[in-house]
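Chemist: I am sharing entry23.txt, which consists of compact mmCIF, C-alpha atoms:
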```
# COMPACT_ATOMS: atom_id res chain seq x y z
CA MET S 18 0.00 0.00 0.00
CA THR S 19 1.47 3.36 -1.06
CA VAL S 20 0.07 6.36 0.77
CA ALA S 21 1.01 9.99 -0.02
CA ARG S 22 1.87 11.84 3.17
CA PRO S 23 4.20 14.61 4.30
CA ALA S 24 7.33 13.05 5.85
CA THR S 25 7.74 15.35 8.84
CA SER S 26 7.76 14.86 12.58
CA ARG S 27 5.22 17.69 12.81
CA PHE S 28 2.90 15.66 10.60
CA GLU S 29 3.31 12.59 12.82
CA GLN S 30 2.57 14.69 15.88
CA SER S 31 -0.56 16.02 14.19
CA LEU S 32 -1.71 12.48 13.42
CA ASP S 33 -1.07 11.42 17.00
CA THR S 34 -3.02 14.41 18.36
CA CYS S 35 -5.87 13.74 15.93
CA GLY S 36 -5.99 10.13 17.12
CA GLU S 37 -6.18 11.25 20.74
CA ILE S 38 -8.89 13.84 20.02
CA ALA S 39 -10.94 11.33 18.04
CA VAL S 40 -10.83 8.79 20.85
CA THR S 41 -11.03 11.00 23.96
CA ILE S 42 -13.17 13.94 22.74
CA GLY S 43 -14.99 12.42 19.78
CA LEU S 44 -15.81 8.94 21.01
CA LYS S 45 -15.08 9.30 24.73
CA LEU S 46 -14.11 5.65 24.41
CA ARG S 47 -14.49 3.58 27.56
CA ALA S 48 -12.32 0.66 28.57
CA GLY S 49 -13.89 -2.53 27.27
CA GLU S 50 -15.45 -0.97 24.17
CA ARG S 51 -14.36 -2.31 20.82
CA LEU S 52 -13.80 0.15 17.98
CA LEU S 53 -14.70 -0.34 14.32
CA SER S 54 -13.45 2.12 11.66
CA VAL S 55 -15.39 2.41 8.41
CA GLY S 56 -15.61 4.84 5.52
CA PRO S 57 -18.49 6.37 3.54
CA LEU S 58 -21.09 3.63 3.54
CA ALA S 59 -21.55 3.43 -0.24
CA SER S 60 -17.91 2.33 -0.59
CA GLY S 61 -17.96 0.45 2.71
CA GLY S 62 -14.53 0.80 4.15
CA VAL S 63 -11.92 3.45 4.80
CA ALA S 64 -9.99 4.55 1.72
CA THR S 65 -6.40 3.34 1.96
CA ASP S 66 -5.13 6.92 2.11
CA GLY S 67 -6.65 7.06 5.58
CA ALA S 68 -4.41 4.27 6.87
CA PRO S 69 -1.88 6.47 8.73
CA LEU S 70 -4.63 8.21 10.71
CA VAL S 71 -6.44 4.94 11.42
CA GLY S 72 -3.20 3.54 12.83
CA HIS S 73 -2.84 6.45 15.27
CA ILE S 74 -6.51 6.21 16.23
CA ALA S 75 -6.03 2.50 16.94
CA ALA S 76 -3.06 3.23 19.19
CA SER S 77 -5.10 5.82 21.13
CA ALA S 78 -8.03 3.42 21.42
CA TYR S 79 -5.84 0.67 22.84
CA ARG S 80 -4.35 3.12 25.34
CA ALA S 81 -7.92 3.95 26.37
CA GLY S 82 -8.63 0.29 27.09
CA ALA S 83 -10.18 -0.99 23.87
CA PRO S 84 -9.78 -4.79 23.73
CA LEU S 85 -10.02 -4.88 19.93
CA VAL S 86 -9.76 -2.29 17.16
CA GLU S 87 -10.84 -3.25 13.64
CA ALA S 88 -11.08 -1.47 10.31
CA VAL S 89 -13.03 -2.20 7.16
CA TRP S 90 -11.00 -1.04 4.17
CA GLY S 91 -12.51 0.32 0.99
CA ASP S 92 -11.05 0.45 -2.50
CA GLU S 93 -12.09 3.23 -4.85
CA ALA S 94 -10.47 1.44 -7.79
CA LEU S 95 -12.65 -1.59 -7.09
CA GLN S 96 -15.73 0.60 -7.04
CA MET S 97 -14.73 2.12 -10.39
CA ALA S 98 -14.32 -1.38 -11.81
CA ARG S 99 -17.94 -2.04 -10.89
CA PHE S 100 -19.15 1.03 -12.74
CA ARG S 101 -17.14 0.15 -15.81
CA HIS S 102 -17.77 -3.58 -16.04
CA ALA S 103 -20.62 -4.82 -13.84
CA PRO S 104 -23.99 -5.76 -15.38
CA ARG S 105 -26.11 -2.64 -15.68
CA ASP S 106 -29.01 -4.28 -13.84
CA SER S 107 -26.88 -5.23 -10.81
CA PHE S 108 -26.48 -1.81 -9.21
CA ASN S 109 -29.42 -2.33 -6.89
CA GLN S 110 -27.36 -4.89 -4.97
CA PHE S 111 -25.33 -4.21 -1.84
CA SER S 112 -23.08 -6.20 0.47
CA ALA S 113 -24.88 -8.99 2.34
CA TRP S 114 -22.51 -9.01 5.32
CA PHE S 115 -21.53 -5.38 5.90
CA PRO S 116 -24.89 -4.02 7.17
CA LYS S 117 -25.21 -7.00 9.53
CA ALA S 118 -21.70 -6.42 10.87
CA LEU S 119 -22.50 -2.76 11.61
CA VAL S 120 -25.70 -3.62 13.46
CA GLU S 121 -24.09 -6.42 15.47
CA HIS S 122 -21.22 -4.13 16.45
CA VAL S 123 -23.54 -1.37 17.71
CA ASP S 124 -25.88 -3.84 19.41
CA GLY S 125 -22.85 -5.20 21.26
CA GLY S 126 -22.33 -1.79 22.86
CA HIS S 127 -19.26 -0.82 20.84
CA ALA S 128 -18.05 2.40 19.18
CA ILE S 129 -18.04 3.39 15.49
CA LEU S 130 -15.56 5.72 13.78
CA SER S 131 -16.06 6.91 10.19
CA VAL S 132 -12.97 8.17 8.38
CA TYR S 133 -13.34 10.20 5.19
CA ALA S 134 -10.34 10.14 2.82
CA ASN S 135 -12.15 9.92 -0.49
CA ASP S 136 -12.16 11.50 -3.93
CA PRO S 137 -15.21 13.81 -4.13
CA ASP S 138 -15.21 13.53 -7.93
CA GLN S 139 -14.75 9.76 -8.17
CA LEU S 140 -18.00 9.11 -10.04
CA ILE S 141 -18.33 12.47 -11.76
CA ASP S 142 -18.43 10.95 -15.26
CA GLN S 143 -20.58 7.93 -14.40
CA PRO S 144 -24.26 7.60 -15.38
CA ALA S 145 -26.61 9.34 -12.96
CA ASP S 146 -29.01 6.40 -12.90
CA LEU S 147 -26.28 4.01 -11.74
CA ILE S 148 -25.06 6.45 -9.07
CA GLY S 149 -28.62 6.81 -7.85
CA ALA S 150 -29.13 3.05 -7.81
CA VAL S 151 -26.00 2.53 -5.69
CA GLN S 152 -27.00 5.26 -3.25
CA GLN S 153 -30.52 3.91 -2.87
CA ALA S 154 -29.31 0.34 -2.41
CA THR S 155 -26.81 1.51 0.19
CA SER S 156 -29.34 3.63 2.06
CA ARG S 157 -31.87 0.81 2.29
CA ALA S 158 -29.29 -1.77 3.33
CA VAL S 159 -27.80 0.29 6.16
CA GLN S 160 -31.09 1.75 7.38
CA PRO S 161 -31.14 -0.42 10.55
CA PHE S 162 -27.64 0.84 11.40
CA ARG S 163 -28.57 4.47 10.76
CA GLU S 164 -31.69 4.02 12.85
CA ARG S 165 -29.50 3.04 15.78
CA LEU S 166 -27.33 6.12 15.28
CA SER S 167 -30.45 8.31 15.13
CA ARG S 168 -31.22 7.08 18.64
CA ASN S 169 -27.59 7.57 19.76
CA GLN S 170 -27.54 3.90 20.69
CA SER S 171 -23.75 3.96 20.33
CA ASN S 172 -20.99 6.54 20.62
CA TRP S 173 -19.81 7.43 17.11
CA THR S 174 -17.60 10.02 15.43
CA VAL S 175 -16.70 11.18 11.92
CA VAL S 176 -13.20 12.46 11.11
CA ALA S 177 -11.19 13.07 7.93
CA ALA S 178 -7.76 12.27 6.54
CA ALA S 179 -6.12 14.08 3.65
CA ALA S 180 -5.87 12.13 0.40
CA PRO S 181 -4.22 13.03 -2.94
CA ARG S 182 -7.39 13.17 -5.07
CA TRP S 183 -9.30 15.07 -2.42
CA ALA S 184 -6.37 17.50 -2.02
CA ALA S 185 -6.22 17.99 -5.79
CA ARG S 186 -9.87 19.10 -5.74
CA VAL S 187 -9.33 21.57 -2.89
CA PHE S 188 -5.93 22.85 -4.16
CA PRO S 189 -6.03 22.24 -7.93
CA HIS S 190 -3.04 24.47 -8.73
CA LEU S 191 -0.58 22.89 -6.29
CA PRO S 192 1.77 19.95 -6.92
CA PRO S 193 0.32 16.72 -5.44
CA ASP S 194 2.62 16.46 -2.40
CA GLU S 195 2.17 20.14 -1.55
CA GLY S 196 -1.59 19.85 -1.93
CA VAL S 197 -1.77 16.92 0.50
CA ALA S 198 0.42 18.79 3.00
CA ARG S 199 -1.79 21.89 2.72
CA LEU S 200 -4.93 19.81 3.25
CA TRP S 201 -3.44 18.15 6.33
CA ASP S 202 -2.55 21.59 7.68
CA ALA S 203 -6.13 22.78 7.13
CA ILE S 204 -7.55 19.71 8.86
CA ALA S 205 -5.21 20.22 11.81
CA ARG S 206 -6.12 23.89 12.16
CA LEU S 207 -9.88 23.42 11.85
CA CYS S 208 -9.87 20.43 14.19
CA ARG S 209 -7.95 22.48 16.77
CA LEU S 210 -4.92 20.19 16.71
CA ASP S 211 -2.27 22.88 16.27
CA GLY S 212 -2.60 24.83 19.53
CA PRO S 213 -0.60 24.39 22.74
CA ASP S 214 -3.43 22.44 24.43
CA PRO S 215 -5.84 20.86 21.91
CA MET S 216 -7.86 19.09 24.62
CA ALA S 217 -8.53 22.32 26.47
CA ALA S 218 -9.36 24.10 23.22
CA TRP S 219 -11.95 21.45 22.42
CA GLU S 220 -13.52 21.56 25.88
CA SER S 221 -13.83 25.35 25.69
CA HIS S 222 -15.31 25.24 22.19
CA LEU S 223 -17.86 22.57 23.10
CA ASP S 224 -18.88 24.53 26.18
CA ALA S 225 -19.50 27.63 24.03
CA LEU S 226 -21.67 25.64 21.63
CA ALA S 227 -23.60 24.19 24.57
CA ALA S 228 -24.35 27.70 25.87
CA ARG S 229 -25.77 28.67 22.46
CA ARG S 230 -27.82 25.44 22.44
CA ASP S 231 -29.26 26.19 25.88
CA GLU S 232 -30.30 29.69 24.84
CA LEU S 233 -32.14 28.39 21.76
CA ASN S 234 -33.89 25.74 23.85
CA ARG S 235 -35.07 28.42 26.28
CA LYS S 236 -36.68 30.37 23.42
CA ARG S 237 -39.02 27.54 22.31
CA TYR S 238 -39.43 28.98 18.84
CA THR S 239 -42.37 27.66 16.83
CA ALA S 240 -40.71 28.33 13.48
CA LEU S 241 -37.67 29.84 11.78
CA LYS S 242 -37.85 32.25 8.83
CA TYR S 243 -34.94 32.39 6.35
CA ASP S 244 -34.31 35.31 3.99
CA GLY S 245 -31.34 35.55 1.64
CA PRO S 246 -30.32 35.47 -2.03
CA GLY S 247 -32.60 32.91 -3.68
CA THR S 248 -33.95 31.85 -0.27
CA LYS S 249 -37.26 32.73 1.32
CA LEU S 250 -38.23 29.83 3.53
CA THR S 251 -40.29 29.16 6.65
CA ILE S 252 -39.53 26.04 8.70
CA GLY S 253 -41.91 25.02 11.46
CA LEU S 254 -40.58 23.36 14.60
CA PRO S 255 -42.26 20.53 16.56
CA ALA S 256 -43.50 21.43 20.04
CA ARG S 257 -40.90 19.17 21.68
CA HIS S 258 -37.92 19.91 19.46
CA GLU S 259 -34.51 19.93 21.16
CA TRP S 260 -31.53 21.94 19.98
CA VAL S 261 -28.32 19.89 20.13
CA SER S 262 -24.73 21.12 19.91
CA GLY S 263 -21.33 19.48 19.52
CA ARG S 264 -21.92 16.73 22.05
CA SER S 265 -24.54 14.01 22.38
CA VAL S 266 -25.21 11.34 25.00
CA SER S 267 -25.25 7.68 24.02
CA GLY S 268 -27.65 5.13 25.42
CA ALA S 269 -24.88 4.05 27.78
CA GLY S 270 -24.49 7.61 29.08
CA ILE S 271 -21.29 8.40 27.14
CA LEU S 272 -20.89 12.11 26.29
CA PHE S 273 -19.41 12.02 22.78
CA ALA S 274 -18.86 14.45 19.88
CA PRO S 275 -20.16 12.99 16.59
CA ASN S 276 -18.37 15.37 14.19
CA LEU S 277 -14.80 16.63 14.23
CA PRO S 278 -14.77 19.50 13.37
CA THR S 279 -18.10 20.86 14.63
CA GLU S 280 -19.41 24.42 14.64
CA GLU S 281 -23.17 23.80 14.49
CA VAL S 282 -26.21 23.92 16.73
CA PHE S 283 -29.01 21.83 15.23
CA THR S 284 -32.51 20.45 15.71
CA MET S 285 -35.30 18.84 13.70
CA PRO S 286 -37.99 20.62 11.67
CA HIS S 287 -41.63 19.58 11.56
CA LYS S 288 -41.80 17.40 8.47
CA ASP S 289 -45.09 18.95 7.26
CA ARG S 290 -44.36 22.62 7.98
CA VAL S 291 -41.72 23.71 5.49
CA ASP S 292 -42.77 26.26 2.85
CA GLY S 293 -40.90 28.42 0.37
CA THR S 294 -37.70 28.24 -1.64
CA VAL S 295 -34.14 27.60 -0.55
CA ARG S 296 -30.96 27.91 -2.60
CA SER S 297 -27.70 26.12 -1.91
CA SER S 298 -24.69 28.25 -1.04
CA LYS S 299 -22.06 25.56 -1.65
CA PRO S 300 -21.80 22.46 -3.88
CA LEU S 301 -23.06 19.17 -2.48
CA SER S 302 -20.76 16.16 -2.85
CA TYR S 303 -23.09 13.17 -2.99
CA GLY S 304 -22.41 9.66 -4.17
CA GLY S 305 -19.04 10.51 -5.71
CA THR S 306 -20.45 13.36 -7.81
CA LEU S 307 -21.09 17.08 -7.32
CA ILE S 308 -24.46 18.82 -7.32
CA GLU S 309 -23.96 22.54 -7.88
CA ARG S 310 -26.01 25.76 -7.83
CA PHE S 311 -29.31 24.14 -6.94
CA SER S 312 -32.57 25.24 -5.37
CA LEU S 313 -35.57 23.44 -3.89
CA GLU S 314 -39.14 24.66 -3.49
CA PHE S 315 -41.23 23.28 -0.60
CA SER S 316 -44.95 23.21 0.01
CA GLU S 317 -46.44 21.74 3.20
CA GLY S 318 -43.10 20.13 3.98
CA ARG S 319 -42.50 18.41 0.66
CA VAL S 320 -40.16 19.30 -2.23
CA VAL S 321 -42.31 20.26 -5.21
CA SER S 322 -39.63 21.68 -7.51
CA VAL S 323 -35.94 20.92 -8.09
CA LYS S 324 -33.44 22.93 -10.12
CA ALA S 325 -29.69 22.40 -10.43
CA ASP S 326 -27.06 23.70 -12.84
CA ARG S 327 -25.05 20.51 -12.40
CA GLY S 328 -26.04 17.12 -11.04
CA ASP S 329 -29.74 17.74 -11.58
CA ALA S 330 -30.53 14.08 -12.34
CA VAL S 331 -28.69 12.82 -9.23
CA LEU S 332 -30.49 15.39 -7.05
CA ARG S 333 -33.87 14.33 -8.45
CA GLN S 334 -33.06 10.69 -7.75
CA LEU S 335 -32.05 11.59 -4.20
CA VAL S 336 -35.34 13.38 -3.58
CA ALA S 337 -37.26 10.42 -5.05
CA THR S 338 -35.51 7.78 -2.91
CA ASP S 339 -38.58 7.39 -0.68
CA GLU S 340 -41.41 9.48 0.76
CA GLY S 341 -39.22 11.07 3.43
CA ALA S 342 -36.35 11.96 1.09
CA ALA S 343 -38.38 14.90 -0.24
CA ARG S 344 -38.76 16.38 3.26
CA LEU S 345 -36.33 17.91 5.75
CA GLY S 346 -34.95 16.07 8.77
CA GLU S 347 -32.45 18.58 10.17
CA ILE S 348 -31.83 22.32 10.42
CA ALA S 349 -28.48 23.61 11.66
CA LEU S 350 -27.22 27.08 12.47
CA VAL S 351 -23.58 27.98 11.85
CA PRO S 352 -22.15 31.53 11.92
CA HIS S 353 -20.54 32.79 8.74
CA SER S 354 -17.48 33.67 10.84
CA SER S 355 -16.83 30.03 11.76
CA PRO S 356 -13.19 28.96 11.34
CA VAL S 357 -14.12 26.72 8.40
CA SER S 358 -15.80 29.61 6.60
CA GLN S 359 -12.96 31.99 7.39
CA SER S 360 -10.44 29.54 5.92
CA GLY S 361 -11.79 30.55 2.52
CA LEU S 362 -11.60 26.94 1.37
CA LEU S 363 -14.27 24.85 -0.27
CA PHE S 364 -13.63 21.28 0.86
CA TYR S 365 -16.14 19.45 -1.37
CA ASN S 366 -16.84 17.39 1.73
CA THR S 367 -19.91 17.77 3.92
CA LEU S 368 -18.06 17.18 7.21
CA PHE S 369 -16.14 20.43 6.67
CA ASP S 370 -18.39 22.46 4.40
CA GLU S 371 -21.44 22.06 6.65
CA ASN S 372 -19.40 23.68 9.42
CA ALA S 373 -18.82 26.72 7.23
CA ALA S 374 -22.49 27.53 6.76
CA SER S 375 -25.97 27.07 8.14
CA HIS S 376 -27.52 24.04 6.51
CA VAL S 377 -30.49 21.71 6.29
CA ALA S 378 -30.76 18.00 5.53
CA LEU S 379 -33.07 16.08 3.28
CA GLY S 380 -34.31 12.83 4.78
CA SER S 381 -34.41 11.26 8.18
CA ALA S 382 -34.49 13.25 11.41
CA TYR S 383 -32.41 12.27 14.42
CA LYS S 384 -34.72 10.99 17.13
CA PHE S 385 -32.53 12.53 19.82
CA THR S 386 -33.54 16.01 18.54
CA LEU S 387 -37.03 15.48 19.97
CA THR S 388 -37.67 15.17 23.70
CA GLY S 389 -38.35 11.48 24.31
CA GLY S 390 -37.75 10.65 20.66
CA GLU S 391 -35.22 7.90 21.37
CA VAL S 392 -37.91 5.67 22.90
CA MET S 393 -40.65 6.45 20.35
CA THR S 394 -41.78 4.05 17.67
CA ASP S 395 -41.43 5.29 14.10
CA GLU S 396 -45.18 5.96 13.99
CA GLU S 397 -45.10 7.99 17.22
CA PHE S 398 -42.10 9.94 15.97
CA GLU S 399 -43.82 10.80 12.69
CA ARG S 400 -46.99 11.91 14.50
CA ALA S 401 -44.81 14.29 16.55
CA GLY S 402 -43.45 15.82 13.33
CA GLY S 403 -40.33 13.69 12.80
CA ASN S 404 -39.31 12.67 9.30
CA ARG S 405 -38.34 9.10 8.43
CA SER S 406 -36.26 8.12 5.40
CA VAL S 407 -33.42 5.82 4.43
CA VAL S 408 -31.34 8.91 3.52
CA HIS S 409 -29.96 11.87 5.45
CA VAL S 410 -28.11 14.35 3.23
CA ASP S 411 -26.94 17.77 4.46
CA PHE S 412 -26.59 20.71 2.10
CA MET S 413 -25.40 24.24 2.80
CA ILE S 414 -27.66 27.29 2.57
CA GLY S 415 -25.89 29.82 4.80
CA SER S 416 -23.82 32.83 3.71
CA GLY S 417 -22.88 36.31 4.78
CA ASP S 418 -26.16 37.49 3.25
CA LEU S 419 -28.57 35.19 5.10
CA ASP S 420 -30.95 36.48 7.80
CA ILE S 421 -32.83 34.11 10.14
CA ASP S 422 -35.70 35.08 12.46
CA GLY S 423 -37.28 33.02 15.20
CA VAL S 424 -41.06 32.95 15.61
CA LEU S 425 -42.12 32.99 19.27
CA ALA S 426 -45.20 31.32 20.73
CA ASP S 427 -47.19 34.56 20.59
CA GLY S 428 -46.48 34.97 16.87
CA THR S 429 -43.92 37.74 17.19
CA THR S 430 -40.51 37.38 15.59
CA GLU S 431 -37.01 38.25 16.69
CA PRO S 432 -33.64 38.08 14.93
CA ILE S 433 -31.48 34.98 15.41
CA MET S 434 -28.93 35.71 12.69
CA ARG S 435 -28.16 38.79 10.66
CA ARG S 436 -25.92 38.60 7.59
CA GLY S 437 -24.88 35.12 8.68
CA GLU S 438 -23.86 36.06 12.24
CA TRP S 439 -25.55 35.56 15.60
CA ALA S 440 -27.76 38.58 16.32
CA SER S 441 -26.98 38.44 20.06
```
Could you write out this file's structure as structure tokens?
Modeler:
Amino acid sequence: MTVARPATSRFEQSLDTCGEIAVTIGLKLRAGERLLSVGPLASGGVATDGAPLVGHIAASAYRAGAPLVEAVWGDEALQMARFRHAPRDSFNQFSAWFPKALVEHVDGGHAILSVYANDPDQLIDQPADLIGAVQQATSRAVQPFRERLSRNQSNWTVVAAAAPRWAARVFPHLPPDEGVARLWDAIARLCRLDGPDPMAAWESHLDALAARRDELNRKRYTALKYDGPGTKLTIGLPARHEWVSGRSVSGAGILFAPNLPTEEVFTMPHKDRVDGTVRSSKPLSYGGTLIERFSLEFSEGRVVSVKADRGDAVLRQLVATDEGAARLGEIALVPHSSPVSQSGLLFYNTLFDENAASHVALGSAYKFTLTGGEVMTDEEFERAGGNRSVVHVDFMIGSGDLDIDGVLADGTTEPIMRRGEWAS
């Protein structure tokens, strides 16, 4: 296995710190928990370019008392071979063993780590119908696993590792080695790995997000109103919605941070109370292809019109995946001044780009964003306003020109964000 990486002691230190942060802040791994590392679910395992980071994460996990650390490895070349040579009617098939392994791991009380080190343009020239078929087959196959994550049944975290093809997309004018080094530097900076005390920096940051979360929960808004270029949207909120910040609590009581980095405060919308038009502010990397400059129109919660300058067919297939794919399952607030936004970089990766801008998600809502949602049946959750789907896809709508108002119980409104920043 040949992996491009900067050969510096500073780089090794950054990897070691990232491994420690992932295990101690992200997962809050307890002694006795096993750890399984995976990649984006459509490709199954971690891309081989993520191997150095996975090795450091494994070392940290063992130091924390993990009895066994495993990784499922993915191969982008193998996936490309499928698109080039597999029977055209076979793309609705997915692994028979992988979804079962994920469910058994979570049901055993163990931790999950997802490592992104993938090419955002891998499938850019492949037929949209085949991309859509793979995504739909994946979503349906791993739905039981995602359902467990929506209940926070396990502690789980998503991190990223620089990879040559990803770096080439972010820094197209740099030589390959320099691009990878620059991407690693950006990851280290935005994941707070480069300061004198990364652990303390993370604790302080998570505390600040929690304070913002608590303030929003005190307000008990009934709806949010969005106004910006190409966007005029009203999103209703369920009576028992809960704002959540950088940390969640697992069923075993573990306080973990699902995303590294994280800059958002988020909750669930009411699935039937979304009306108006929203325009994306950044490209969406979905299924190995890019969807760019797109807008969606909603009526009574459902998408009724789709427009995209690029990736239109893939976006339409996403929205048509199932009944819930055409509705929203998450709304998240992120200030335009977030470190990711201020980096000036477009990462073509949702983990980073969603932390540069306020965003929403098509598809399933997280049950932990509704008071008591974790113990509700699907039918009870839907009656309370929660959306159910086999997909959950975030896309960015925030910018320095977006205003957001909160609607209070008495019908009056007050500013939450002005020109992309917190109003108070």
Chemist: Taking 3 positions as the minimum chain separation for residues in the same chain, which residues sit within 10 Å of range 121-131 of chain S when counting only C-alpha atoms? Answer as JSON, numbers by chain.
Modeler: {"S": [39, 40, 43, 44, 45, 46, 47, 49, 50, 51, 52, 53, 54, 55, 56, 57, 58, 62, 63, 71, 74, 83, 86, 87, 88, 115, 116, 117, 118, 134, 162, 165, 166, 170, 171, 172, 173, 174, 175, 176, 177, 267, 268, 269, 275, 276]}
Chemist: Calculate, to one decimal in Å, the centre and edge lengths of the box along x, y and z of the file that holds all listed atoms of range 395-401 of chain S with 4 Å of margin on each side, and present them as JSON.
Modeler:
```
{"center_x": -44.2, "center_y": 9.8, "center_z": 15.0, "size_x": 13.6, "size_y": 17.0, "size_z": 12.5}
```
Chemist: Any idea what the distance is between CA of Ser360 in chain S and CA of His409 in chain S?
Modeler: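 Answer for the CA of Ser360 in chain S to CA of His409 in chain S separation: 26.3 Å.
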Chemist: What's the 10 Å shell around Glu371 in chain S, counting only C-alpha atoms, without same-chain residues fewer than 6 positions away, as JSON, numbers by chain?
Modeler: {"S": [278, 279, 280, 281, 299, 301, 349, 350, 351, 357, 358, 364, 365, 377, 411, 412, 413, 414, 415]}
Chemist: Can you list, as a ChimeraX atom specification, every protein, DNA or RNA residue that comes within 9 Å of range 242-251 of chain S when you count all atoms listed in the file, leaving out same-chain residues fewer than 6 positions away?
Modeler: /S:290-297,312,314-315,414-416,418-424,430,436
Chemist: Using C-alpha atoms, can you export the residues from the last selection as a short mmCIF file (atom, residue, chain, number, x, y, z; two decimals), in the frame of the given file?
Modeler:
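Contents of again-v9.cif, freshly written:
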```cif
data_model
loop_
_atom_site.label_atom_id
_atom_site.label_comp_id
_atom_site.auth_asym_id
_atom_site.auth_seq_id
_atom_site.Cartn_x
_atom_site.Cartn_y
_atom_site.Cartn_z
CA ARG S 290 -44.36 22.62 7.98
CA VAL S 291 -41.72 23.71 5.49
CA ASP S 292 -42.77 26.26 2.85
CA GLY S 293 -40.90 28.42 0.37
CA THR S 294 -37.70 28.24 -1.64
CA VAL S 295 -34.14 27.60 -0.55
CA ARG S 296 -30.96 27.91 -2.60
CA SER S 297 -27.70 26.12 -1.91
CA SER S 312 -32.57 25.24 -5.37
CA GLU S 314 -39.14 24.66 -3.49
CA PHE S 315 -41.23 23.28 -0.60
CA ILE S 414 -27.66 27.29 2.57
CA GLY S 415 -25.89 29.82 4.80
CA SER S 416 -23.82 32.83 3.71
CA ASP S 418 -26.16 37.49 3.25
CA LEU S 419 -28.57 35.19 5.10
CA ASP S 420 -30.95 36.48 7.80
CA ILE S 421 -32.83 34.11 10.14
CA ASP S 422 -35.70 35.08 12.46
CA GLY S 423 -37.28 33.02 15.20
CA VAL S 424 -41.06 32.95 15.61
CA THR S 430 -40.51 37.38 15.59
CA ARG S 436 -25.92 38.60 7.59
#
```
